[in-house]
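Next comes coords.txt, a file with compact mmCIF, C-alpha atoms and all ligand atoms.
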```
# COMPACT_ATOMS: atom_id res chain seq x y z
CA MET A 870 -31.21 -6.54 -8.04
CA THR A 871 -32.76 -9.37 -6.05
CA LYS A 872 -34.97 -8.36 -3.15
CA ASN A 873 -32.97 -7.64 0.03
CA MET A 874 -29.67 -7.45 -1.84
CA MET A 875 -27.73 -4.38 -0.69
CA HIS A 876 -24.88 -2.42 -2.10
CA ALA A 877 -21.94 -1.87 0.27
CA ARG A 878 -18.26 -1.05 0.55
CA ILE A 879 -15.78 -3.36 2.27
CA ILE A 880 -14.17 -1.29 5.02
CA ALA A 881 -12.19 -3.91 6.92
CA ALA A 882 -10.80 -7.37 6.37
CA HIS A 883 -9.52 -9.85 8.90
CA GLY A 884 -8.77 -13.26 7.54
CA ARG A 885 -11.94 -14.30 5.76
CA HIS A 886 -14.12 -11.99 7.82
CA TYR A 887 -15.14 -8.67 6.34
CA LEU A 888 -16.91 -5.59 7.48
CA ALA A 889 -19.10 -3.84 4.93
CA SER A 890 -20.68 -0.42 5.19
CA THR A 891 -23.89 0.44 3.39
CA GLY A 892 -23.53 4.07 4.42
CA SER A 893 -26.13 3.73 7.16
CA GLU A 894 -25.17 0.39 8.65
CA MET A 895 -22.14 -1.88 9.18
CA LEU A 896 -22.47 -5.59 8.53
CA HIS A 897 -20.20 -8.48 9.38
CA CYS A 898 -19.78 -10.39 6.11
CA VAL A 899 -18.39 -13.68 4.94
CA THR A 900 -17.91 -15.03 1.45
CA ARG A 901 -19.63 -18.06 0.02
CA GLY A 902 -17.54 -21.19 0.33
CA LYS A 903 -13.82 -20.80 0.75
CA LYS A 904 -13.45 -17.78 -1.50
CA SER A 905 -11.28 -15.02 -0.09
CA ASP A 906 -10.90 -12.77 -3.10
CA VAL A 907 -12.42 -9.72 -1.44
CA ALA A 908 -10.35 -6.65 -0.55
CA VAL A 909 -10.86 -3.53 1.52
CA GLY A 910 -12.20 -0.88 -0.83
CA ASP A 911 -14.23 -3.34 -2.84
CA SER A 912 -17.70 -2.34 -3.89
CA VAL A 913 -19.93 -5.37 -3.27
CA ASN A 914 -23.47 -6.68 -3.32
CA ILE A 915 -24.41 -8.37 -0.08
CA MET A 916 -27.35 -10.46 1.07
CA PRO A 917 -28.29 -10.06 4.73
CA THR A 918 -28.56 -13.38 6.60
CA ALA A 919 -29.22 -12.29 10.18
CA LYS A 920 -29.14 -9.04 12.12
CA GLY A 921 -25.87 -7.30 11.34
CA GLN A 922 -24.68 -10.18 9.15
CA ALA A 923 -24.51 -10.80 5.44
CA VAL A 924 -22.96 -12.86 2.68
CA ILE A 925 -20.95 -11.24 -0.09
CA GLU A 926 -22.64 -12.21 -3.36
CA SER A 927 -20.62 -10.27 -5.93
CA ILE A 928 -17.76 -7.83 -6.30
CA SER A 929 -18.01 -4.89 -8.71
CA GLU A 930 -15.31 -4.34 -11.28
CA ARG A 931 -12.22 -2.73 -9.72
CA HIS A 932 -10.32 0.20 -11.16
CA SER A 933 -7.20 -0.83 -9.26
CA LEU A 934 -5.98 -3.67 -7.08
CA LEU A 935 -2.90 -3.60 -4.91
CA TYR A 936 -1.33 -6.94 -4.02
CA ARG A 937 1.41 -8.56 -2.06
CA SER A 938 2.17 -12.23 -2.45
CA ASP A 939 4.30 -15.04 -1.20
CA GLN A 940 5.33 -18.18 -3.00
CA TYR A 941 1.92 -19.79 -2.52
CA LYS A 942 -0.70 -17.10 -2.93
CA SER A 943 -1.36 -13.47 -3.58
CA LYS A 944 -2.73 -11.31 -0.78
CA LEU A 945 -5.05 -8.50 -1.69
CA LEU A 946 -4.09 -5.27 0.05
CA ALA A 947 -6.77 -2.89 -1.21
CA ALA A 948 -9.08 -2.37 -4.14
CA ASN A 949 -10.05 0.81 -5.97
CA VAL A 950 -7.36 2.98 -4.40
CA ASP A 951 -6.00 5.94 -6.36
CA GLN A 952 -2.75 6.38 -4.51
CA LEU A 953 -0.31 4.89 -2.06
CA PHE A 954 1.45 6.78 0.73
CA ILE A 955 4.65 5.06 1.82
CA VAL A 956 5.42 6.36 5.29
CA ILE A 957 9.12 6.49 6.13
CA ALA A 958 10.88 8.29 8.96
CA THR A 959 14.15 9.73 10.16
CA GLU A 960 14.02 7.20 12.98
CA PRO A 961 13.76 4.18 13.10
CA SER A 962 15.67 3.79 9.89
CA PHE A 963 13.62 2.59 6.92
CA SER A 964 14.35 -0.26 4.55
CA ASP A 965 15.14 0.63 0.92
CA ASP A 966 14.17 -2.89 -0.07
CA LEU A 967 10.65 -2.46 1.34
CA VAL A 968 10.24 1.03 -0.09
CA SER A 969 11.24 -0.15 -3.55
CA ARG A 970 8.99 -3.20 -3.33
CA ALA A 971 6.04 -0.98 -2.42
CA LEU A 972 6.92 1.30 -5.34
CA VAL A 973 7.02 -1.65 -7.71
CA ALA A 974 3.65 -2.93 -6.42
CA ALA A 975 2.10 0.51 -6.96
CA GLU A 976 3.59 0.84 -10.45
CA ALA A 977 2.28 -2.59 -11.39
CA ALA A 978 -1.19 -1.66 -10.10
CA GLY A 979 -1.14 1.72 -11.88
CA ILE A 980 -1.42 3.62 -8.62
CA GLU A 981 0.25 6.98 -7.91
CA VAL A 982 2.78 6.99 -5.05
CA HIS A 983 3.86 9.58 -2.50
CA LEU A 984 6.64 9.08 0.01
CA ILE A 985 5.90 10.69 3.35
CA LEU A 986 9.09 11.36 5.30
CA ASN A 987 7.86 11.70 8.89
CA LYS A 988 9.60 12.79 12.12
CA ILE A 989 11.64 15.58 10.54
CA ASP A 990 11.82 17.06 14.07
CA ILE A 991 14.51 14.45 14.82
CA THR A 992 17.10 16.72 13.32
CA ASP A 993 20.25 14.67 13.89
CA GLN A 994 18.90 12.00 11.54
CA LEU A 995 17.29 14.40 9.09
CA GLU A 996 20.08 14.92 6.56
CA ARG A 997 20.70 11.23 6.16
CA ALA A 998 16.98 10.46 5.79
CA ARG A 999 16.55 13.36 3.34
CA GLN A 1000 19.41 12.08 1.26
CA ARG A 1001 17.96 8.58 1.18
CA ALA A 1002 14.47 9.89 0.33
CA GLY A 1003 16.11 12.10 -2.32
CA PHE A 1004 17.06 8.98 -4.22
CA TYR A 1005 13.36 8.25 -4.81
CA LYS A 1006 12.68 11.88 -5.69
CA LYS A 1007 15.26 11.57 -8.48
CA LEU A 1008 13.34 8.56 -9.77
CA GLY A 1009 10.32 10.84 -10.09
CA TYR A 1010 8.37 10.09 -6.92
CA ALA A 1011 6.91 12.87 -4.78
CA VAL A 1012 8.46 13.16 -1.31
CA HIS A 1013 6.73 15.16 1.42
CA GLU A 1014 8.45 16.07 4.69
CA VAL A 1015 6.25 16.14 7.77
CA SER A 1016 6.30 15.87 11.52
CA ALA A 1017 3.04 14.37 12.69
CA THR A 1018 3.63 14.97 16.40
CA ALA A 1019 5.82 18.10 16.46
CA ASN A 1020 3.96 19.96 13.73
CA PRO A 1021 0.52 18.45 13.14
CA GLU A 1022 -1.01 21.58 11.56
CA GLU A 1023 1.65 21.76 8.89
CA THR A 1024 1.42 18.00 8.34
CA LEU A 1025 -2.29 18.39 7.68
CA SER A 1026 -1.83 21.36 5.38
CA ILE A 1027 0.59 19.29 3.30
CA LEU A 1028 -1.37 16.03 3.25
CA LEU A 1029 -5.05 17.06 3.19
CA PRO A 1030 -4.92 18.59 -0.32
CA ILE A 1031 -3.30 15.39 -1.63
CA ILE A 1032 -5.92 13.04 -0.19
CA GLU A 1033 -8.92 15.18 -1.12
CA ASN A 1034 -11.36 13.41 -3.45
CA ARG A 1035 -9.19 10.33 -3.65
CA SER A 1036 -8.83 6.96 -2.01
CA THR A 1037 -5.42 6.66 -0.35
CA ILE A 1038 -3.77 3.65 1.27
CA LEU A 1039 -0.98 4.19 3.78
CA ILE A 1040 1.67 1.57 4.32
CA GLY A 1041 4.84 1.63 6.35
CA GLN A 1042 7.13 -0.35 8.51
CA SER A 1043 6.28 -0.47 12.17
CA GLY A 1044 7.20 2.66 14.10
CA MET A 1045 7.32 5.12 11.20
CA GLY A 1046 4.29 7.01 12.55
CA LYS A 1047 1.64 5.73 10.16
CA SER A 1048 -1.05 5.44 12.86
CA THR A 1049 -0.22 8.93 14.12
CA ILE A 1050 -0.70 10.29 10.60
CA VAL A 1051 -3.96 8.36 10.06
CA ASN A 1052 -5.32 9.75 13.35
CA LEU A 1053 -4.45 13.26 12.19
CA LEU A 1054 -6.13 12.79 8.82
CA VAL A 1055 -9.12 10.97 10.29
CA PRO A 1056 -10.10 12.33 13.70
CA GLY A 1057 -11.59 9.47 15.69
CA ALA A 1058 -9.86 6.78 13.62
CA ASP A 1059 -8.65 4.99 16.75
CA ILE A 1060 -12.20 4.80 18.13
CA ALA A 1061 -13.51 3.53 14.79
CA THR A 1062 -10.75 0.92 14.78
CA ARG A 1063 -11.79 -0.34 18.19
CA GLU A 1064 -15.40 -0.61 17.00
CA ILE A 1065 -14.35 -2.49 13.88
CA SER A 1066 -12.16 -4.83 15.88
CA THR A 1067 -15.10 -5.58 18.21
CA VAL A 1068 -17.42 -6.35 15.30
CA LEU A 1069 -14.83 -8.51 13.57
CA ASN A 1070 -14.22 -10.10 16.93
CA SER A 1071 -10.51 -10.13 16.41
CA GLY A 1072 -10.16 -9.70 20.15
CA LYS A 1073 -7.18 -7.42 19.78
CA HIS A 1074 -6.89 -3.66 19.67
CA THR A 1075 -3.66 -3.77 17.76
CA THR A 1076 -3.74 -2.80 14.12
CA THR A 1077 -3.64 -6.28 12.66
CA PHE A 1078 -6.17 -5.65 9.94
CA THR A 1079 -6.56 -3.33 7.00
CA ARG A 1080 -9.39 -0.82 7.36
CA MET A 1081 -10.91 2.05 5.47
CA TYR A 1082 -12.11 5.38 6.82
CA GLN A 1083 -14.53 7.30 4.66
CA ILE A 1084 -13.85 11.01 5.21
CA ASP A 1085 -16.52 12.23 2.82
CA ASP A 1086 -18.32 10.81 -0.23
CA ASN A 1087 -15.20 11.02 -2.39
CA THR A 1088 -12.37 10.83 0.12
CA ALA A 1089 -11.17 7.71 1.90
CA VAL A 1090 -8.06 6.69 3.82
CA ILE A 1091 -7.01 3.06 4.23
CA ASP A 1092 -4.68 2.02 7.03
CA SER A 1093 -2.81 -1.26 6.79
CA PRO A 1094 -0.84 -3.20 9.39
CA GLY A 1095 2.86 -2.45 9.65
CA PHE A 1096 4.86 -4.95 7.65
CA GLN A 1097 8.31 -6.52 7.58
CA GLU A 1098 8.19 -8.12 4.19
CA PHE A 1099 6.62 -7.36 0.87
CA GLY A 1100 6.64 -10.36 -1.44
CA LEU A 1101 5.93 -9.76 -5.11
CA TYR A 1102 5.88 -13.30 -6.44
CA HIS A 1103 2.81 -12.55 -8.53
CA LEU A 1104 4.51 -10.09 -10.88
CA THR A 1105 5.68 -11.37 -14.23
CA GLU A 1106 9.00 -10.39 -15.79
CA GLY A 1107 7.20 -8.15 -18.29
CA MET A 1108 5.42 -6.33 -15.48
CA LEU A 1109 8.63 -6.03 -13.49
CA GLU A 1110 10.73 -4.34 -16.16
CA ARG A 1111 8.04 -1.70 -16.65
CA ALA A 1112 7.61 -1.14 -12.90
CA PHE A 1113 11.10 0.37 -12.66
CA PRO A 1114 10.69 3.85 -14.19
CA GLU A 1115 14.44 4.27 -14.66
CA PHE A 1116 14.51 1.14 -16.88
CA ARG A 1117 11.94 2.53 -19.29
CA PRO A 1118 14.28 4.56 -21.53
CA CYS A 1119 16.28 1.35 -22.06
CA LEU A 1120 13.38 -0.95 -22.94
CA GLY A 1121 13.42 -1.90 -26.59
CA HIS A 1122 17.12 -1.01 -26.91
CA CYS A 1123 18.64 -4.32 -25.82
CA ARG A 1124 20.34 -6.49 -28.46
CA PHE A 1125 17.85 -9.33 -27.89
CA TYR A 1126 14.17 -8.47 -28.11
CA ASN A 1127 13.44 -10.95 -25.29
CA CYS A 1128 16.30 -9.73 -23.07
CA HIS A 1129 15.83 -10.47 -19.36
CA HIS A 1130 18.28 -7.69 -18.34
CA LEU A 1131 20.19 -10.14 -16.18
CA THR A 1132 23.46 -11.18 -17.92
CA GLU A 1133 22.75 -10.72 -21.64
CA PRO A 1134 25.35 -9.07 -23.87
CA GLY A 1135 24.21 -5.80 -25.39
CA CYS A 1136 21.62 -5.24 -22.65
CA ALA A 1137 20.72 -1.55 -22.46
CA VAL A 1138 19.68 -1.87 -18.81
CA LEU A 1139 23.02 -3.43 -17.80
CA GLU A 1140 24.84 -0.72 -19.76
CA ALA A 1141 22.88 1.94 -17.85
CA VAL A 1142 23.85 0.24 -14.57
CA ALA A 1143 27.52 0.26 -15.64
CA LYS A 1144 27.29 3.95 -16.55
CA GLY A 1145 25.68 4.79 -13.21
CA ASP A 1146 22.33 5.82 -14.72
CA ILE A 1147 20.57 2.97 -12.92
CA SER A 1148 21.51 2.25 -9.32
CA PRO A 1149 22.97 -1.22 -8.64
CA MET A 1150 20.65 -1.46 -5.61
CA ARG A 1151 17.56 -1.19 -7.80
CA HIS A 1152 18.92 -3.58 -10.41
CA GLU A 1153 19.71 -6.10 -7.66
CA LEU A 1154 16.10 -5.83 -6.49
CA TYR A 1155 14.89 -6.36 -10.05
CA LYS A 1156 16.99 -9.54 -10.24
CA GLN A 1157 15.61 -10.72 -6.91
CA LEU A 1158 12.03 -10.05 -8.06
CA VAL A 1159 12.56 -11.93 -11.33
CA HIS A 1160 13.86 -14.80 -9.20
CA GLU A 1161 10.77 -14.60 -6.94
CA SER A 1162 8.42 -14.60 -9.92
CA GLU A 1163 10.02 -17.87 -11.05
CA GLN A 1164 9.43 -19.45 -7.62
CA LYS A 1165 5.70 -18.92 -7.44
CA VAL A 1166 3.55 -22.01 -7.28
CA PHE A 1167 0.12 -20.47 -7.88
N1 LIG B 1201 9.53 12.59 17.14
C1 LIG B 1201 8.45 12.19 16.47
N2 LIG B 1201 7.82 11.06 16.85
C2 LIG B 1201 6.74 10.67 16.15
C3 LIG B 1201 6.24 11.41 15.05
N3 LIG B 1201 5.17 10.76 14.55
C4 LIG B 1201 5.00 9.66 15.32
N4 LIG B 1201 5.94 9.61 16.29
C5 LIG B 1201 6.10 8.59 17.35
O1 LIG B 1201 6.59 7.38 16.76
C6 LIG B 1201 6.07 6.25 17.46
C7 LIG B 1201 5.41 5.30 16.45
O2 LIG B 1201 4.27 5.95 15.92
P1 LIG B 1201 3.01 5.13 15.37
O3 LIG B 1201 2.09 6.12 14.77
O4 LIG B 1201 2.49 4.23 16.42
O5 LIG B 1201 3.75 4.26 14.27
P2 LIG B 1201 3.19 3.21 13.23
O6 LIG B 1201 3.95 3.44 11.99
O7 LIG B 1201 1.72 3.28 13.15
O8 LIG B 1201 3.65 1.87 13.88
P3 LIG B 1201 2.83 0.49 14.06
O9 LIG B 1201 1.58 0.82 14.83
O10 LIG B 1201 3.79 -0.38 14.81
O11 LIG B 1201 2.55 0.00 12.67
C8 LIG B 1201 5.09 6.80 18.49
O12 LIG B 1201 5.75 6.85 19.72
C9 LIG B 1201 4.79 8.19 17.97
O13 LIG B 1201 4.43 9.09 18.99
C10 LIG B 1201 6.93 12.62 14.67
O14 LIG B 1201 6.58 13.33 13.74
N5 LIG B 1201 8.02 12.94 15.42
ZN ZN B 1202 18.25 -6.02 -21.45
```
Rewrite the structure of this file - the entire thing - as structure tokens.
Amino acid sequence: MTKNMMHARIIAAHGRHYLASTGSEMLHCVTRGKKSDVAVGDSVNIMPTAKGQAVIESISERHSLLYRSDQYKSKLLAANVDQLFIVIATEPSFSDDLVSRALVAAEAAGIEVHLILNKIDITDQLERARQRAGFYKKLGYAVHEVSATANPEETLSILLPIIENRSTILIGQSGMGKSTIVNLLVPGADIATREISTVLNSGKHTTTFTRMYQIDDNTAVIDSPGFQEFGLYHLTEGMLERAFPEFRPCLGHCRFYNCHHLTEPGCAVLEAVAKGDISPMRHELYKQLVHESEQKVF
């Protein structure tokens, strides 16, 4: 390694500004030129330029990369994560479209997923939320019921063993209780966030950037801003069909080897939808995602 080059982990990203931690020090980093292909969780080599500042010189190979994308570009959510927690709640009501999109993104990235159903203390909404979460359980995803404010100890006893020795990213729609859960898992997270936001000079204390909290050498939690949309324009049709676990038994059984599972006769996926083995809601999303993948211009 060149003299002065340091190894660091990207712990926050705000636009094209990054915060890297060497373990003993935090540095405000930028990339060379207009590159913005760095993600929170990346392991990088940085070259210090001034006190507390550095340039990112290289990114180490990633074992996973979670993306979102719109029509024009893909947006890196986090690198090197092992699992995704999708936080949903009894109240406000969650969006099945967003949950399924997050599931598809995780499947495509090869990341394990857990659904965290929060606010189970709001009992009048519980049955309905449980039923809706149960749909994802039937697809094979783990669902954990917690109440971050009413029962924090139990919430911790459920979630701590799952995050131990892993890197976990939490995502959720606004108001589901994601920040409350992060603050439980990472005592002092809110203070750390304020520090990060000062260094990155974002000028806001709201959670508008993705950031990583290292709990110990092998355990990290990544918090991301609440979102209202989850574009997946970057996924190809081949990736999409495999990202729906309930489609997998059908793959290879369609009449045409290059079946798109949209309108083709003899399509095993469409037959499964007709029989009720695949939910129309999920197949509709698949169709929408195939459509999105055709619209991308990058
Ligand atoms: N009743 C109940 N309220 C909760 C629970 N967990 C969080 N809340 C409340 O729900 C509201 C939203 O919680 P946050 O943690 O700010 O939600 P968030 O998902 O981080 O939302 P954004 O910051 O907008 O992304 C707050 O008023 C919390 O106190 C819970 O288990 N039960
Ligand atoms: Zn088919």
- Task: Kindly indicate which residue among A:Gly1046, A:Gly1009, A:Pro1030, A:Gly884 lies nearest to Leu986 in chain A, using all atoms listed in the file for the distances.
- Result: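 Closest to Leu986 in chain A of all the choices is A:Gly1046.
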- Message: Give me, as an MDAnalysis selection string, the set of residues whose atoms come within 9 Å of any atom of ligand LIG 1201 (chain B), counting all atoms listed in the file.
- Response: chainID A and resid 956:961 987:991 1015:1021 1024 1040:1052 1075:1077 1092:1096
Dump as a PDB file, in the frame of the given file, selection limited to C-alpha atoms:
```pdb
ATOM      1  CA  VAL A 956       5.420   6.360   5.290  1.00  0.00           C
ATOM      2  CA  ILE A 957       9.120   6.490   6.130  1.00  0.00           C
ATOM      3  CA  ALA A 958      10.880   8.290   8.960  1.00  0.00           C
ATOM      4  CA  THR A 959      14.150   9.730  10.160  1.00  0.00           C
ATOM      5  CA  GLU A 960      14.020   7.200  12.980  1.00  0.00           C
ATOM      6  CA  PRO A 961      13.760   4.180  13.100  1.00  0.00           C
ATOM      7  CA  ASN A 987       7.860  11.700   8.890  1.00  0.00           C
ATOM      8  CA  LYS A 988       9.600  12.790  12.120  1.00  0.00           C
ATOM      9  CA  ILE A 989      11.640  15.580  10.540  1.00  0.00           C
ATOM     10  CA  ASP A 990      11.820  17.060  14.070  1.00  0.00           C
ATOM     11  CA  ILE A 991      14.510  14.450  14.820  1.00  0.00           C
ATOM     12  CA  VAL A1015       6.250  16.140   7.770  1.00  0.00           C
ATOM     13  CA  SER A1016       6.300  15.870  11.520  1.00  0.00           C
ATOM     14  CA  ALA A1017       3.040  14.370  12.690  1.00  0.00           C
ATOM     15  CA  THR A1018       3.630  14.970  16.400  1.00  0.00           C
ATOM     16  CA  ALA A1019       5.820  18.100  16.460  1.00  0.00           C
ATOM     17  CA  ASN A1020       3.960  19.960  13.730  1.00  0.00           C
ATOM     18  CA  PRO A1021       0.520  18.450  13.140  1.00  0.00           C
ATOM     19  CA  THR A1024       1.420  18.000   8.340  1.00  0.00           C
ATOM     20  CA  ILE A1040       1.670   1.570   4.320  1.00  0.00           C
ATOM     21  CA  GLY A1041       4.840   1.630   6.350  1.00  0.00           C
ATOM     22  CA  GLN A1042       7.130  -0.350   8.510  1.00  0.00           C
ATOM     23  CA  SER A1043       6.280  -0.470  12.170  1.00  0.00           C
ATOM     24  CA  GLY A1044       7.200   2.660  14.100  1.00  0.00           C
ATOM     25  CA  MET A1045       7.320   5.120  11.200  1.00  0.00           C
ATOM     26  CA  GLY A1046       4.290   7.010  12.550  1.00  0.00           C
ATOM     27  CA  LYS A1047       1.640   5.730  10.160  1.00  0.00           C
ATOM     28  CA  SER A1048      -1.050   5.440  12.860  1.00  0.00           C
ATOM     29  CA  THR A1049      -0.220   8.930  14.120  1.00  0.00           C
ATOM     30  CA  ILE A1050      -0.700  10.290  10.600  1.00  0.00           C
ATOM     31  CA  VAL A1051      -3.960   8.360  10.060  1.00  0.00           C
ATOM     32  CA  ASN A1052      -5.320   9.750  13.350  1.00  0.00           C
ATOM     33  CA  THR A1075      -3.660  -3.770  17.760  1.00  0.00           C
ATOM     34  CA  THR A1076      -3.740  -2.800  14.120  1.00  0.00           C
ATOM     35  CA  THR A1077      -3.640  -6.280  12.660  1.00  0.00           C
ATOM     36  CA  ASP A1092      -4.680   2.020   7.030  1.00  0.00           C
ATOM     37  CA  SER A1093      -2.810  -1.260   6.790  1.00  0.00           C
ATOM     38  CA  PRO A1094      -0.840  -3.200   9.390  1.00  0.00           C
ATOM     39  CA  GLY A1095       2.860  -2.450   9.650  1.00  0.00           C
ATOM     40  CA  PHE A1096       4.860  -4.950   7.650  1.00  0.00           C
TER      41      PHE A1096
END
```
- Note on the structure: Shortest contact to Tyr941 in chain A, candidates A:Gly1100, A:Pro1149, A:Gly1107, A:Gly1135, atoms counted all atoms listed in the file, goes to A:Gly1100
For the contact check between range 910-1007 of chain A and range 1161-1166 of chain A, emit one row per residue of range 910-1007 of chain A within 8 Å, containing the shortest atom pair and the distance in Å rounded to one decimal, counting only C-alpha atoms, chain then rising number order, as a Markdown table.
```
| residue | atom | partner | partner_atom | distance |
| --- | --- | --- | --- | --- |
| A:Asp939 | CA | A:Lys1165 | CA | 7.5 |
| A:Gln940 | CA | A:Lys1165 | CA | 4.5 |
| A:Tyr941 | CA | A:Val1166 | CA | 5.5 |
| A:Lys942 | CA | A:Val1166 | CA | 7.8 |
```
- Enumerate as JSON, numbers by chain the residues within 12 Å of ligand ZN 1202 (chain B), counting only C-alpha atoms and all ligand atoms. {"A": [1106, 1107, 1110, 1116, 1117, 1118, 1119, 1120, 1121, 1122, 1123, 1124, 1125, 1126, 1127, 1128, 1129, 1130, 1131, 1132, 1133, 1134, 1135, 1136, 1137, 1138, 1139, 1140, 1141, 1142, 1152, 1155, 1156]}
Using only C-alpha atoms, find each residue in range 987-1066 of chain A having at least one atom no more than 9 Å away from range 1080-1087 of chain A; report its shortest atom-to-atom pair and that distance in Å (one decimal), rows by chain then rising number, as JSON lines.
```
{"residue": "A:Glu1033", "atom": "CA", "partner": "A:Asn1087", "partner_atom": "CA", "distance": 7.6}
{"residue": "A:Asn1034", "atom": "CA", "partner": "A:Asn1087", "partner_atom": "CA", "distance": 4.6}
{"residue": "A:Arg1035", "atom": "CA", "partner": "A:Asn1087", "partner_atom": "CA", "distance": 6.2}
{"residue": "A:Ser1036", "atom": "CA", "partner": "A:Asn1087", "partner_atom": "CA", "distance": 7.6}
{"residue": "A:Ile1038", "atom": "CA", "partner": "A:Met1081", "partner_atom": "CA", "distance": 8.4}
{"residue": "A:Leu1054", "atom": "CA", "partner": "A:Ile1084", "partner_atom": "CA", "distance": 8.7}
{"residue": "A:Val1055", "atom": "CA", "partner": "A:Ile1084", "partner_atom": "CA", "distance": 6.9}
{"residue": "A:Ala1058", "atom": "CA", "partner": "A:Tyr1082", "partner_atom": "CA", "distance": 7.3}
{"residue": "A:Ala1061", "atom": "CA", "partner": "A:Tyr1082", "partner_atom": "CA", "distance": 8.3}
{"residue": "A:Thr1062", "atom": "CA", "partner": "A:Arg1080", "partner_atom": "CA", "distance": 7.7}
{"residue": "A:Ile1065", "atom": "CA", "partner": "A:Arg1080", "partner_atom": "CA", "distance": 8.4}
```
- Rounded to one decimal place, report the CA of Ser1066 in chain A-CA of Ala919 in chain A distance in Å.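 CA of Ala919 in chain A lies at a distance of 19.5 Å from CA of Ser1066 in chain A.
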- Query: Quick one: distance from CA of His983 in chain A to CA of Gln952 in chain A in Å, one decimal?
  - Reply: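 Computing it gives 7.6 Å between the two atoms.
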Test item: residues at most 9 Å from Leu984 in chain A, only C-alpha atoms, excluding those fewer than 6 positions along its chain, as a short mmCIF file (atom, residue, chain, number, x, y, z; two decimals) with C-alpha atoms, in the coordinates of the input:
```cif
data_model
loop_
_atom_site.label_atom_id
_atom_site.label_comp_id
_atom_site.auth_asym_id
_atom_site.auth_seq_id
_atom_site.Cartn_x
_atom_site.Cartn_y
_atom_site.Cartn_z
CA LEU A 953 -0.31 4.89 -2.06
CA PHE A 954 1.45 6.78 0.73
CA ILE A 955 4.65 5.06 1.82
CA VAL A 956 5.42 6.36 5.29
CA ILE A 957 9.12 6.49 6.13
CA VAL A 968 10.24 1.03 -0.09
CA ALA A 1002 14.47 9.89 0.33
CA TYR A 1005 13.36 8.25 -4.81
CA LYS A 1006 12.68 11.88 -5.69
CA TYR A 1010 8.37 10.09 -6.92
CA ALA A 1011 6.91 12.87 -4.78
CA VAL A 1012 8.46 13.16 -1.31
CA HIS A 1013 6.73 15.16 1.42
CA GLU A 1014 8.45 16.07 4.69
#
```
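Residues surrounding Ala975 in chain A within 9 Å are Leu935, Tyr936, Gln952, Leu953, Arg970, Ala971, Leu972, Ala978, Gly979, Ile980, Glu981, Val982 and Ala1112 of chain A [all atoms listed in the file; sequence separation below 3 positions excluded].
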- Task: Could you please determine the separation between CA of Ala948 in chain A and CA of Leu1039 in chain A in Å, to one decimal place?
- Result: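 It comes out at 13.1 Å.
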- Residues at most 10 Å from Ile925 in chain A, counting all atoms listed in the file, excluding those fewer than 3 positions away in the same chain, as a list in words? Met874, Met875, His876, Ala877, Ile879, Tyr887, Ala889, His897, Cys898, Val899, Thr900, Arg901, Val907, Val913, Asn914, Ile915, Met916, Pro917 and Ile928 of chain A
- Query: Which is closer to Phe963 in chain A than all the others in A:Lys1007, A:Asn873, A:Arg931, A:Arg999, using all atoms listed in the file?
  - Reply: A:Arg999
- Out of A:Leu1025, A:Leu1101, A:Ala1089, A:Met895, which residue has the shortest atom-to-atom distance to Leu1154 in chain A when counting all atoms listed in the file? A:Leu1101
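Distances here use only C-alpha atoms; by that measure, the residue among A:Phe1004, A:Phe1099, A:Phe1078, A:Phe1167 closest to Ala908 in chain A is A:Phe1078.
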- Message: Given only C-alpha atoms as the basis, pick out the residue of A:Ser1148, A:Ser905, A:Gln1000, A:Gln1097 nearest to Phe1113 in chain A.
- Response: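 Checking each of A:Ser1148, A:Ser905, A:Gln1000, A:Gln1097 against Phe1113 in chain A, counting only C-alpha atoms, the winner is A:Ser1148.
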